[in-house]
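Colleague: As input, take model01.cif (mmCIF, C-alpha atoms):
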```
data_structure
loop_
_atom_site.label_atom_id
_atom_site.label_comp_id
_atom_site.auth_asym_id
_atom_site.auth_seq_id
_atom_site.Cartn_x
_atom_site.Cartn_y
_atom_site.Cartn_z
CA ALA A 1 -2.75 9.67 0.93
CA GLN A 2 -0.09 7.02 1.08
CA ARG A 3 3.01 7.22 -1.06
CA VAL A 4 6.20 5.19 -1.52
CA THR A 5 9.35 6.63 -3.04
CA GLN A 6 12.36 4.72 -4.31
CA PRO A 7 14.83 7.42 -5.36
CA GLU A 8 17.14 5.18 -7.39
CA LYS A 9 15.97 3.65 -10.65
CA LEU A 10 19.22 1.72 -11.03
CA LEU A 11 21.84 0.57 -8.56
CA SER A 12 24.97 -1.14 -9.86
CA VAL A 13 27.49 -2.78 -7.53
CA PHE A 14 30.24 -5.36 -7.72
CA LYS A 15 29.87 -8.83 -6.29
CA GLY A 16 30.75 -8.86 -2.60
CA ALA A 17 30.02 -5.16 -2.09
CA PRO A 18 27.37 -3.96 0.37
CA VAL A 19 23.98 -3.01 -1.01
CA GLU A 20 21.37 -0.56 0.25
CA LEU A 21 18.17 0.04 -1.69
CA LYS A 22 16.37 3.10 -0.39
CA CYS A 23 12.67 3.37 0.33
CA ASN A 24 10.80 6.28 1.91
CA TYR A 25 7.12 6.42 2.59
CA SER A 26 4.36 8.77 3.69
CA TYR A 27 1.35 7.43 5.52
CA SER A 28 -0.88 8.85 8.21
CA GLY A 29 -1.57 5.59 10.03
CA SER A 30 0.58 2.75 11.31
CA PRO A 31 2.31 1.38 8.23
CA GLU A 32 3.06 -2.15 7.21
CA LEU A 33 6.00 -2.25 4.82
CA PHE A 34 7.13 -4.90 2.35
CA TRP A 35 9.88 -5.56 -0.15
CA TYR A 36 8.95 -7.45 -3.31
CA VAL A 37 11.44 -8.78 -5.85
CA GLN A 38 11.08 -9.69 -9.51
CA TYR A 39 13.84 -11.78 -11.05
CA SER A 40 14.26 -11.90 -14.81
CA ARG A 41 11.32 -13.68 -16.49
CA GLN A 42 9.69 -14.45 -13.13
CA ARG A 43 6.67 -13.09 -11.33
CA LEU A 44 6.67 -10.57 -8.53
CA GLN A 45 7.27 -12.28 -5.19
CA LEU A 46 7.47 -11.23 -1.57
CA LEU A 47 11.01 -10.89 -0.25
CA LEU A 48 10.30 -9.74 3.29
CA ARG A 49 7.89 -7.77 5.47
CA HIS A 50 8.82 -5.59 8.39
CA ILE A 51 6.58 -7.27 10.95
CA SER A 52 8.40 -10.56 10.43
CA ARG A 53 11.74 -9.00 11.33
CA GLU A 54 13.51 -11.78 9.45
CA SER A 55 16.42 -12.03 7.05
CA ILE A 56 15.70 -13.54 3.65
CA LYS A 57 18.56 -14.42 1.27
CA GLY A 58 20.82 -12.28 3.44
CA PHE A 59 18.61 -9.19 3.07
CA THR A 60 17.27 -7.21 6.01
CA ALA A 61 15.15 -4.09 6.30
CA ASP A 62 14.42 -1.98 9.35
CA LEU A 63 11.43 0.29 9.66
CA ASN A 64 12.51 3.76 10.81
CA LYS A 65 9.37 5.68 11.68
CA GLY A 66 11.30 8.85 12.51
CA GLU A 67 12.80 9.00 9.03
CA THR A 68 9.81 7.25 7.41
CA SER A 69 12.18 4.84 5.72
CA PHE A 70 12.40 1.11 5.10
CA HIS A 71 15.74 0.62 3.37
CA LEU A 72 16.75 -2.84 2.15
CA LYS A 73 20.29 -3.93 2.97
CA LYS A 74 22.65 -6.79 2.28
CA PRO A 75 26.27 -6.83 3.43
CA PHE A 76 27.70 -8.81 0.50
CA ALA A 77 25.88 -8.74 -2.84
CA GLN A 78 25.75 -11.83 -5.04
CA GLU A 79 25.22 -11.97 -8.81
CA GLU A 80 21.95 -13.84 -8.30
CA ASP A 81 20.61 -10.80 -6.41
CA SER A 82 20.31 -8.94 -9.72
CA ALA A 83 16.60 -8.13 -10.09
CA MET A 84 13.94 -5.43 -9.78
CA TYR A 85 13.09 -4.56 -6.21
CA TYR A 86 9.86 -2.86 -5.17
CA CYS A 87 9.07 -1.36 -1.81
CA ALA A 88 5.36 -1.45 -0.89
CA LEU A 89 3.08 -0.13 1.82
CA SER A 90 -0.14 -1.69 3.02
CA ASN A 91 -3.08 0.38 4.22
CA ASN A 92 -4.68 -0.15 7.62
CA ALA A 93 -7.28 -2.50 6.20
CA GLY A 94 -4.54 -4.57 4.58
CA ASN A 95 -6.41 -4.77 1.33
CA MET A 96 -4.22 -2.85 -1.06
CA LEU A 97 -0.54 -2.30 -1.65
CA THR A 98 0.99 0.99 -2.73
CA PHE A 99 4.23 0.36 -4.58
CA GLY A 100 7.27 2.49 -5.22
CA GLY A 101 8.63 2.86 -8.73
CA GLY A 102 11.18 0.12 -8.26
CA THR A 103 14.98 -0.09 -8.26
CA ARG A 104 16.91 -2.31 -10.65
CA LEU A 105 19.85 -3.89 -8.86
CA MET A 106 22.70 -5.07 -11.05
CA VAL A 107 25.48 -7.05 -9.40
CA LYS A 108 28.55 -7.25 -11.59
CA PRO A 109 31.07 -10.10 -11.36
CA GLY B 110 0.32 -26.32 -5.49
CA ALA B 111 -0.43 -24.15 -8.48
CA GLY B 112 0.11 -20.43 -8.16
CA VAL B 113 -1.99 -17.59 -9.51
CA SER B 114 -2.52 -17.92 -13.24
CA GLN B 115 -3.57 -15.28 -15.76
CA THR B 116 -4.78 -15.56 -19.32
CA PRO B 117 -3.95 -14.51 -21.91
CA SER B 118 -0.29 -13.78 -21.31
CA ASN B 119 -0.36 -11.24 -24.13
CA LYS B 120 -3.26 -9.38 -25.71
CA VAL B 121 -3.03 -7.01 -28.65
CA THR B 122 -6.14 -5.07 -29.55
CA GLU B 123 -7.19 -2.00 -31.47
CA LYS B 124 -8.28 1.28 -29.98
CA GLY B 125 -11.98 1.22 -29.19
CA LYS B 126 -12.26 -2.56 -28.77
CA TYR B 127 -13.43 -4.46 -25.70
CA VAL B 128 -11.09 -6.83 -23.81
CA GLU B 129 -11.39 -9.32 -20.99
CA LEU B 130 -8.50 -10.46 -18.83
CA ARG B 131 -8.84 -13.54 -16.65
CA CYS B 132 -7.31 -14.41 -13.27
CA ASP B 133 -7.33 -17.80 -11.52
CA PRO B 134 -6.31 -17.32 -7.87
CA ILE B 135 -4.68 -19.87 -5.62
CA SER B 136 -7.31 -22.38 -4.53
CA GLY B 137 -8.93 -21.38 -1.26
CA HIS B 138 -7.77 -17.75 -1.33
CA THR B 139 -10.72 -15.51 -0.58
CA ALA B 140 -9.05 -12.20 -1.40
CA LEU B 141 -8.19 -11.20 -4.98
CA TYR B 142 -6.52 -8.04 -6.23
CA TRP B 143 -5.96 -6.41 -9.63
CA TYR B 144 -3.06 -4.06 -10.29
CA ARG B 145 -1.82 -2.26 -13.40
CA GLN B 146 1.86 -1.73 -14.14
CA SER B 147 2.86 0.78 -16.78
CA LEU B 148 6.33 0.73 -18.30
CA GLY B 149 9.00 1.82 -15.85
CA GLN B 150 6.61 2.13 -12.91
CA GLY B 151 5.55 0.07 -9.96
CA PRO B 152 2.20 -1.72 -9.86
CA GLU B 153 -0.85 0.46 -9.14
CA PHE B 154 -3.87 -0.86 -7.28
CA LEU B 155 -7.12 -1.18 -9.23
CA ILE B 156 -9.63 -3.27 -7.28
CA TYR B 157 -9.89 -5.73 -4.41
CA PHE B 158 -12.41 -8.57 -3.94
CA GLN B 159 -13.24 -10.34 -0.72
CA GLY B 160 -15.22 -13.36 -1.84
CA THR B 161 -17.63 -12.39 -4.60
CA GLY B 162 -17.93 -8.72 -3.78
CA ALA B 163 -15.72 -5.81 -4.74
CA ALA B 164 -14.68 -4.49 -1.33
CA ASP B 165 -12.59 -1.62 -2.74
CA ASP B 166 -12.69 -0.40 -6.34
CA SER B 167 -11.15 2.99 -5.65
CA GLY B 168 -8.25 2.35 -8.02
CA LEU B 169 -10.29 1.84 -11.17
CA PRO B 170 -9.35 4.81 -13.37
CA ASN B 171 -12.79 5.37 -14.94
CA ASP B 172 -16.05 3.65 -15.81
CA ARG B 173 -14.55 1.87 -18.80
CA PHE B 174 -12.97 -0.54 -16.33
CA PHE B 175 -15.02 -3.17 -14.56
CA ALA B 176 -14.21 -6.43 -12.77
CA VAL B 177 -16.27 -9.37 -11.59
CA ARG B 178 -15.78 -12.46 -9.47
CA PRO B 179 -19.18 -14.16 -9.60
CA GLU B 180 -18.34 -17.38 -7.75
CA GLY B 181 -15.65 -16.08 -5.46
CA SER B 182 -12.82 -17.73 -7.38
CA VAL B 183 -11.97 -16.73 -10.96
CA SER B 184 -12.07 -13.02 -11.72
CA THR B 185 -12.36 -11.16 -15.00
CA LEU B 186 -11.19 -7.61 -15.60
CA LYS B 187 -13.15 -5.97 -18.40
CA ILE B 188 -12.09 -2.88 -20.32
CA GLN B 189 -14.47 -1.17 -22.71
CA ARG B 190 -13.54 1.19 -25.55
CA THR B 191 -9.83 0.61 -25.01
CA GLU B 192 -7.43 3.53 -25.38
CA ARG B 193 -3.72 3.55 -26.15
CA GLY B 194 -3.10 4.71 -22.58
CA ASP B 195 -4.56 1.44 -21.28
CA SER B 196 -1.48 -0.39 -22.57
CA ALA B 197 0.24 -1.94 -19.56
CA VAL B 198 0.83 -5.20 -17.72
CA TYR B 199 -2.22 -6.15 -15.69
CA LEU B 200 -1.33 -8.13 -12.57
CA CYS B 201 -3.58 -10.25 -10.41
CA ALA B 202 -2.79 -11.35 -6.87
CA SER B 203 -4.56 -13.43 -4.27
CA SER B 204 -4.17 -13.90 -0.53
CA GLY B 205 -5.41 -16.25 2.13
CA ASP B 206 -5.16 -16.30 5.92
CA THR B 207 -1.73 -14.69 6.11
CA ASP B 208 -2.73 -11.76 3.82
CA THR B 209 0.52 -12.10 1.92
CA GLN B 210 -0.30 -11.32 -1.69
CA TYR B 211 0.84 -13.87 -4.29
CA PHE B 212 1.11 -12.49 -7.79
CA GLY B 213 0.38 -13.99 -11.16
CA PRO B 214 2.63 -13.61 -14.23
CA GLY B 215 0.52 -10.78 -15.61
CA THR B 216 -1.22 -10.06 -18.91
CA ARG B 217 0.56 -7.64 -21.22
CA LEU B 218 -2.09 -5.54 -22.96
CA THR B 219 -1.14 -3.54 -26.04
CA VAL B 220 -3.67 -1.16 -27.56
CA LEU B 221 -2.77 -0.10 -31.09
#
```
Please express the file's structure as structure tokens.

Modeller:
Amino acid sequence: AQRVTQPEKLLSVFKGAPVELKCNYSYSGSPELFWYVQYSRQRLQLLLRHISRESIKGFTADLNKGETSFHLKKPFAQEEDSAMYYCALSNNAGNMLTFGGGTRLMVKP
Amino acid sequence: GAGVSQTPSNKVTEKGKYVELRCDPISGHTALYWYRQSLGQGPEFLIYFQGTGAADDSGLPNDRFFAVRPEGSVSTLKIQRTERGDSAVYLCASSGDTDTQYFGPGTRLTVL
């Protein structure tokens, strides 16, 4: 069975501080990992996916198969980064996402 | 273009009643997904359609839940004999060639 764990329900940092949102997964196959973000009063939207190996809004995430992790990082947090962040795993068929419980990021001025 | 839309945005019903939740996917997207998000949790997969057929319904919690997509576009999630535990936000998503899932705003269902 596939499972995604986000150990922190809430992460609070000051503007300009580094941010790391943790995500660990368990999956028997070759995983495809995603980060989704939900800003206040907006719908869930894709932030980035590991196969793209891109940086979106200054965020990056590296898949570490040895540690089964896909942590989301940003060197300097901005107030507009405040949102709910969900880590998700896709099965081999790519037809369903398994989500973690989410982490609320609050960036204080 | 227009994104995924869901109606109604809010639905309040009484225990034991029947409800229907509607999803309009992005035009041209062949894949459609339903998820359920309970308070304080991440979304949980319910069912996936490829075209008109339900390719994976392994996430439906029991036989009170059923979904259709008769013409391969709009989908309806149907819940019979609603229970208080069915209260949640029901999310719909669709995907096209890139398989990136685009989510709708959700329907908040409250069962009294």

Colleague: Report the closest atom pair, with its distance in Å rounded to one decimal, for each residue of chain A that has an atom no farther than 12 Å from chain B; count all atoms listed in the file, sort by chain and then rising residue number, and write it as JSON lines.

Modeller:
```
{"residue": "A:Arg3", "atom": "CA", "partner": "B:Glu153", "partner_atom": "CA", "distance": 11.2}
{"residue": "A:Val4", "atom": "CA", "partner": "B:Gly151", "partner_atom": "CA", "distance": 9.9}
{"residue": "A:Thr5", "atom": "CA", "partner": "B:Gly151", "partner_atom": "CA", "distance": 10.3}
{"residue": "A:Gln6", "atom": "CA", "partner": "B:Gly151", "partner_atom": "CA", "distance": 10.0}
{"residue": "A:Lys9", "atom": "CA", "partner": "B:Gly149", "partner_atom": "CA", "distance": 8.9}
{"residue": "A:Leu10", "atom": "CA", "partner": "B:Gly149", "partner_atom": "CA", "distance": 11.3}
{"residue": "A:Glu32", "atom": "CA", "partner": "B:Thr209", "partner_atom": "CA", "distance": 11.6}
{"residue": "A:Leu33", "atom": "CA", "partner": "B:Thr209", "partner_atom": "CA", "distance": 11.6}
{"residue": "A:Phe34", "atom": "CA", "partner": "B:Thr209", "partner_atom": "CA", "distance": 9.8}
{"residue": "A:Trp35", "atom": "CA", "partner": "B:Thr209", "partner_atom": "CA", "distance": 11.6}
{"residue": "A:Tyr36", "atom": "CA", "partner": "B:Gln210", "partner_atom": "CA", "distance": 10.2}
{"residue": "A:Val37", "atom": "CA", "partner": "B:Phe212", "partner_atom": "CA", "distance": 11.1}
{"residue": "A:Gln38", "atom": "CA", "partner": "B:Pro214", "partner_atom": "CA", "distance": 10.4}
{"residue": "A:Tyr39", "atom": "CA", "partner": "B:Pro214", "partner_atom": "CA", "distance": 11.8}
{"residue": "A:Ser40", "atom": "CA", "partner": "B:Pro214", "partner_atom": "CA", "distance": 11.8}
{"residue": "A:Arg41", "atom": "CA", "partner": "B:Pro214", "partner_atom": "CA", "distance": 9.0}
{"residue": "A:Gln42", "atom": "CA", "partner": "B:Pro214", "partner_atom": "CA", "distance": 7.2}
{"residue": "A:Arg43", "atom": "CA", "partner": "B:Pro214", "partner_atom": "CA", "distance": 5.0}
{"residue": "A:Leu44", "atom": "CA", "partner": "B:Phe212", "partner_atom": "CA", "distance": 5.9}
{"residue": "A:Gln45", "atom": "CA", "partner": "B:Tyr211", "partner_atom": "CA", "distance": 6.7}
{"residue": "A:Leu46", "atom": "CA", "partner": "B:Tyr211", "partner_atom": "CA", "distance": 7.6}
{"residue": "A:Leu47", "atom": "CA", "partner": "B:Thr209", "partner_atom": "CA", "distance": 10.8}
{"residue": "A:Leu48", "atom": "CA", "partner": "B:Thr209", "partner_atom": "CA", "distance": 10.2}
{"residue": "A:Arg49", "atom": "CA", "partner": "B:Thr209", "partner_atom": "CA", "distance": 9.3}
{"residue": "A:Ile51", "atom": "CA", "partner": "B:Thr209", "partner_atom": "CA", "distance": 11.9}
{"residue": "A:Ser52", "atom": "CA", "partner": "B:Thr209", "partner_atom": "CA", "distance": 11.7}
{"residue": "A:Met84", "atom": "CA", "partner": "B:Gly151", "partner_atom": "CA", "distance": 10.0}
{"residue": "A:Tyr85", "atom": "CA", "partner": "B:Gly151", "partner_atom": "CA", "distance": 9.6}
{"residue": "A:Tyr86", "atom": "CA", "partner": "B:Gly151", "partner_atom": "CA", "distance": 7.1}
{"residue": "A:Cys87", "atom": "CA", "partner": "B:Gly151", "partner_atom": "CA", "distance": 9.0}
{"residue": "A:Ala88", "atom": "CA", "partner": "B:Gly151", "partner_atom": "CA", "distance": 9.2}
{"residue": "A:Leu89", "atom": "CA", "partner": "B:Phe154", "partner_atom": "CA", "distance": 11.5}
{"residue": "A:Ser90", "atom": "CA", "partner": "B:Asp208", "partner_atom": "CA", "distance": 10.4}
{"residue": "A:Asn91", "atom": "CA", "partner": "B:Phe154", "partner_atom": "CA", "distance": 11.6}
{"residue": "A:Ala93", "atom": "CA", "partner": "B:Asp165", "partner_atom": "CA", "distance": 10.4}
{"residue": "A:Gly94", "atom": "CA", "partner": "B:Asp208", "partner_atom": "CA", "distance": 7.5}
{"residue": "A:Asn95", "atom": "CA", "partner": "B:Tyr157", "partner_atom": "CA", "distance": 6.8}
{"residue": "A:Met96", "atom": "CA", "partner": "B:Phe154", "partner_atom": "CA", "distance": 6.5}
{"residue": "A:Leu97", "atom": "CA", "partner": "B:Phe154", "partner_atom": "CA", "distance": 6.7}
{"residue": "A:Thr98", "atom": "CA", "partner": "B:Glu153", "partner_atom": "CA", "distance": 6.7}
{"residue": "A:Phe99", "atom": "CA", "partner": "B:Gly151", "partner_atom": "CA", "distance": 5.5}
{"residue": "A:Gly100", "atom": "CA", "partner": "B:Gly151", "partner_atom": "CA", "distance": 5.6}
{"residue": "A:Gly101", "atom": "CA", "partner": "B:Gly151", "partner_atom": "CA", "distance": 4.3}
{"residue": "A:Gly102", "atom": "CA", "partner": "B:Gly151", "partner_atom": "CA", "distance": 5.9}
{"residue": "A:Thr103", "atom": "CA", "partner": "B:Gly151", "partner_atom": "CA", "distance": 9.6}
{"residue": "A:Arg104", "atom": "CA", "partner": "B:Gly149", "partner_atom": "CA", "distance": 10.3}
```

Colleague: Can you give me, as a ChimeraX atom specification, the residues this file yields under the PyMOL selection byres ((chain A and resi 20) around 7)?

Modeller: /A:18-19,21-22,71-74

Colleague: Rounded to one decimal, what separation in Å do you get between CA of Asp62 in chain A and CA of Ala1 in chain A?

Modeller: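 Separation between CA of Asp62 in chain A and CA of Ala1 in chain A: 22.4 Å.
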
Colleague: Report, in Å to a single decimal, how far apart CA of Gly137 in chain B and CA of Val183 in chain B are.

Modeller: 11.2 Å

Colleague: Report as a list in words all protein, DNA and RNA residues lying within 7 Å of Ser82 in chain A, evaluated on all atoms listed in the file, omitting residues in the same chain fewer than 4 positions from it.

Modeller: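 Using all atoms listed in the file, the neighbours found are Leu105, Met106 and Val107 of chain A.
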
Colleague: Residues near Gly66 in chain A, anyone? I mean within 12 Å using only C-alpha atoms, not counting same-chain ones fewer than 6 positions away, as a CSV table (one decimal) with C-alpha atoms, in the frame of the given file.

Modeller:
```
chain,number,residue,atom,x,y,z
A,24,ASN,CA,10.8,6.3,1.9
A,25,TYR,CA,7.1,6.4,2.6
A,26,SER,CA,4.4,8.8,3.7
```

Colleague: Work out how far CA of Gln189 in chain B is from CA of Thr216 in chain B, in Å to one decimal.

Modeller: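 About the pair CA of Thr216 in chain B and CA of Gln189 in chain B: they are 16.4 Å apart.
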
Colleague: Excluding range 123-127 of chain B and its own-chain neighbours fewer than 6 positions away, which residues fall within 9 Å of it when counting only C-alpha atoms? Please give them as a list in words.

Modeller: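 Final neighbour list, sorted by chain and number: Lys187, Ile188, Gln189, Arg190, Thr191, Glu192, Arg193, Thr219, Val220 and Leu221 of chain B.
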
Colleague: Counting only C-alpha atoms, note down every residue that has an atom within 8 Å of the point (-2.0, -3.6, -19.9) (file coordinates), as a short mmCIF file (atom, residue, chain, number, x, y, z; two decimals) with C-alpha atoms, in the frame of the given file.

Modeller:
```cif
data_model
loop_
_atom_site.label_atom_id
_atom_site.label_comp_id
_atom_site.auth_asym_id
_atom_site.auth_seq_id
_atom_site.Cartn_x
_atom_site.Cartn_y
_atom_site.Cartn_z
CA ARG B 145 -1.82 -2.26 -13.40
CA GLN B 146 1.86 -1.73 -14.14
CA SER B 147 2.86 0.78 -16.78
CA ASP B 195 -4.56 1.44 -21.28
CA SER B 196 -1.48 -0.39 -22.57
CA ALA B 197 0.24 -1.94 -19.56
CA VAL B 198 0.83 -5.20 -17.72
CA TYR B 199 -2.22 -6.15 -15.69
CA THR B 216 -1.22 -10.06 -18.91
CA ARG B 217 0.56 -7.64 -21.22
CA LEU B 218 -2.09 -5.54 -22.96
CA THR B 219 -1.14 -3.54 -26.04
#
```

Colleague: Measuring between all atoms listed in the file, which one of B:Cys201, B:Val128, B:Ala111, B:Leu148 shows the shortest distance to Phe175 in chain B?

Modeller: B:Val128

Colleague: Translate the PyMOL selection byres ((chain B and resi 178) around 9), as applied to the file shown, into an explicit residue set as a count of residues only.

Modeller: 15

Colleague: For the file shown, what are the residues hit by the PyMOL selection byres ((chain A and resi 57) around 9), laid out as number ranges by chain?

Modeller: A: 47, 55-56, 58-60, 74, 81

Colleague: Given the choices A:Gly29, A:Glu54, A:Cys23, A:Leu63, which gets closest to Glu8 in chain A if the distance is worked out from all atoms listed in the file?

Modeller: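 Checking each candidate against Glu8 in chain A, we get A:Cys23 as the closest.
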
Colleague: For Glu79 in chain A, which residue out of A:Ser12, A:Glu67, A:Tyr27, A:Ala61 is the nearest one, using only C-alpha atoms?

Modeller: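 Of all the options, A:Ser12 lies closest to Glu79 in chain A.
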
Colleague: Since the input is missing atoms for range 172-201 of chain B, could you rebuild it with N, CA and C atoms and give the result as a PDB file, in the frame of the given file?

Modeller:
```pdb
ATOM      1  N   ASP B 172     -14.971   4.631 -15.676  1.00  0.00           N
ATOM      2  CA  ASP B 172     -16.050   3.650 -15.810  1.00  0.00           C
ATOM      3  C   ASP B 172     -15.892   2.736 -17.007  1.00  0.00           C
ATOM      4  N   ARG B 173     -14.804   2.858 -17.748  1.00  0.00           N
ATOM      5  CA  ARG B 173     -14.550   1.870 -18.800  1.00  0.00           C
ATOM      6  C   ARG B 173     -14.019   0.563 -18.222  1.00  0.00           C
ATOM      7  N   PHE B 174     -13.556   0.630 -16.993  1.00  0.00           N
ATOM      8  CA  PHE B 174     -12.970  -0.540 -16.330  1.00  0.00           C
ATOM      9  C   PHE B 174     -13.988  -1.145 -15.371  1.00  0.00           C
ATOM     10  N   PHE B 175     -14.080  -2.463 -15.428  1.00  0.00           N
ATOM     11  CA  PHE B 175     -15.020  -3.170 -14.560  1.00  0.00           C
ATOM     12  C   PHE B 175     -14.451  -4.551 -14.281  1.00  0.00           C
ATOM     13  N   ALA B 176     -14.692  -5.088 -13.089  1.00  0.00           N
ATOM     14  CA  ALA B 176     -14.210  -6.430 -12.770  1.00  0.00           C
ATOM     15  C   ALA B 176     -15.287  -7.202 -12.034  1.00  0.00           C
ATOM     16  N   VAL B 177     -15.292  -8.512 -12.247  1.00  0.00           N
ATOM     17  CA  VAL B 177     -16.270  -9.370 -11.590  1.00  0.00           C
ATOM     18  C   VAL B 177     -15.577 -10.598 -11.031  1.00  0.00           C
ATOM     19  N   ARG B 178     -16.247 -11.198 -10.061  1.00  0.00           N
ATOM     20  CA  ARG B 178     -15.780 -12.460  -9.470  1.00  0.00           C
ATOM     21  C   ARG B 178     -17.022 -13.210  -8.990  1.00  0.00           C
ATOM     22  N   PRO B 179     -17.823 -13.685  -9.906  1.00  0.00           N
ATOM     23  CA  PRO B 179     -19.180 -14.160  -9.600  1.00  0.00           C
ATOM     24  C   PRO B 179     -19.267 -15.349  -8.633  1.00  0.00           C
ATOM     25  N   GLU B 180     -18.270 -16.215  -8.626  1.00  0.00           N
ATOM     26  CA  GLU B 180     -18.340 -17.380  -7.750  1.00  0.00           C
ATOM     27  C   GLU B 180     -17.273 -17.349  -6.677  1.00  0.00           C
ATOM     28  N   GLY B 181     -16.640 -16.215  -6.506  1.00  0.00           N
ATOM     29  CA  GLY B 181     -15.650 -16.080  -5.460  1.00  0.00           C
ATOM     30  C   GLY B 181     -14.324 -16.749  -5.738  1.00  0.00           C
ATOM     31  N   SER B 182     -14.097 -17.123  -7.006  1.00  0.00           N
ATOM     32  CA  SER B 182     -12.820 -17.730  -7.380  1.00  0.00           C
ATOM     33  C   SER B 182     -12.217 -16.957  -8.543  1.00  0.00           C
ATOM     34  N   VAL B 183     -12.497 -17.391  -9.764  1.00  0.00           N
ATOM     35  CA  VAL B 183     -11.970 -16.730 -10.960  1.00  0.00           C
ATOM     36  C   VAL B 183     -12.508 -15.304 -11.046  1.00  0.00           C
ATOM     37  N   SER B 184     -11.648 -14.407 -11.514  1.00  0.00           N
ATOM     38  CA  SER B 184     -12.070 -13.020 -11.720  1.00  0.00           C
ATOM     39  C   SER B 184     -11.751 -12.607 -13.156  1.00  0.00           C
ATOM     40  N   THR B 185     -12.573 -11.711 -13.667  1.00  0.00           N
ATOM     41  CA  THR B 185     -12.360 -11.160 -15.000  1.00  0.00           C
ATOM     42  C   THR B 185     -12.331  -9.646 -14.925  1.00  0.00           C
ATOM     43  N   LEU B 186     -11.296  -9.066 -15.488  1.00  0.00           N
ATOM     44  CA  LEU B 186     -11.190  -7.610 -15.600  1.00  0.00           C
ATOM     45  C   LEU B 186     -11.627  -7.244 -17.013  1.00  0.00           C
ATOM     46  N   LYS B 187     -12.565  -6.326 -17.108  1.00  0.00           N
ATOM     47  CA  LYS B 187     -13.150  -5.970 -18.400  1.00  0.00           C
ATOM     48  C   LYS B 187     -12.841  -4.506 -18.704  1.00  0.00           C
ATOM     49  N   ILE B 188     -12.385  -4.261 -19.907  1.00  0.00           N
ATOM     50  CA  ILE B 188     -12.090  -2.880 -20.320  1.00  0.00           C
ATOM     51  C   ILE B 188     -12.851  -2.591 -21.604  1.00  0.00           C
ATOM     52  N   GLN B 189     -13.687  -1.570 -21.540  1.00  0.00           N
ATOM     53  CA  GLN B 189     -14.470  -1.170 -22.710  1.00  0.00           C
ATOM     54  C   GLN B 189     -13.772  -0.032 -23.445  1.00  0.00           C
ATOM     55  N   ARG B 190     -14.038   0.060 -24.737  1.00  0.00           N
ATOM     56  CA  ARG B 190     -13.540   1.190 -25.550  1.00  0.00           C
ATOM     57  C   ARG B 190     -12.075   1.475 -25.215  1.00  0.00           C
ATOM     58  N   THR B 191     -11.234   0.479 -25.400  1.00  0.00           N
ATOM     59  CA  THR B 191      -9.830   0.610 -25.010  1.00  0.00           C
ATOM     60  C   THR B 191      -9.163   1.819 -25.671  1.00  0.00           C
ATOM     61  N   GLU B 192      -8.224   2.390 -24.921  1.00  0.00           N
ATOM     62  CA  GLU B 192      -7.430   3.530 -25.380  1.00  0.00           C
ATOM     63  C   GLU B 192      -5.961   3.147 -25.332  1.00  0.00           C
ATOM     64  N   ARG B 193      -5.144   3.869 -26.105  1.00  0.00           N
ATOM     65  CA  ARG B 193      -3.720   3.550 -26.150  1.00  0.00           C
ATOM     66  C   ARG B 193      -3.097   3.651 -24.753  1.00  0.00           C
ATOM     67  N   GLY B 194      -3.612   4.549 -23.939  1.00  0.00           N
ATOM     68  CA  GLY B 194      -3.100   4.710 -22.580  1.00  0.00           C
ATOM     69  C   GLY B 194      -3.402   3.543 -21.656  1.00  0.00           C
ATOM     70  N   ASP B 195      -4.264   2.627 -22.095  1.00  0.00           N
ATOM     71  CA  ASP B 195      -4.560   1.440 -21.280  1.00  0.00           C
ATOM     72  C   ASP B 195      -3.463   0.375 -21.427  1.00  0.00           C
ATOM     73  N   SER B 196      -2.560   0.574 -22.364  1.00  0.00           N
ATOM     74  CA  SER B 196      -1.480  -0.390 -22.570  1.00  0.00           C
ATOM     75  C   SER B 196      -0.621  -0.490 -21.316  1.00  0.00           C
ATOM     76  N   ALA B 197      -0.477  -1.710 -20.816  1.00  0.00           N
ATOM     77  CA  ALA B 197       0.240  -1.940 -19.560  1.00  0.00           C
ATOM     78  C   ALA B 197       0.254  -3.439 -19.296  1.00  0.00           C
ATOM     79  N   VAL B 198       0.935  -3.827 -18.222  1.00  0.00           N
ATOM     80  CA  VAL B 198       0.830  -5.200 -17.720  1.00  0.00           C
ATOM     81  C   VAL B 198      -0.192  -5.197 -16.591  1.00  0.00           C
ATOM     82  N   TYR B 199      -1.183  -6.048 -16.704  1.00  0.00           N
ATOM     83  CA  TYR B 199      -2.220  -6.150 -15.690  1.00  0.00           C
ATOM     84  C   TYR B 199      -1.910  -7.366 -14.814  1.00  0.00           C
ATOM     85  N   LEU B 200      -1.725  -7.097 -13.523  1.00  0.00           N
ATOM     86  CA  LEU B 200      -1.330  -8.130 -12.570  1.00  0.00           C
ATOM     87  C   LEU B 200      -2.501  -8.494 -11.670  1.00  0.00           C
ATOM     88  N   CYS B 201      -2.583  -9.756 -11.362  1.00  0.00           N
ATOM     89  CA  CYS B 201      -3.580 -10.250 -10.410  1.00  0.00           C
ATOM     90  C   CYS B 201      -2.818 -10.867  -9.244  1.00  0.00           C
TER      91      CYS B 201
END
```
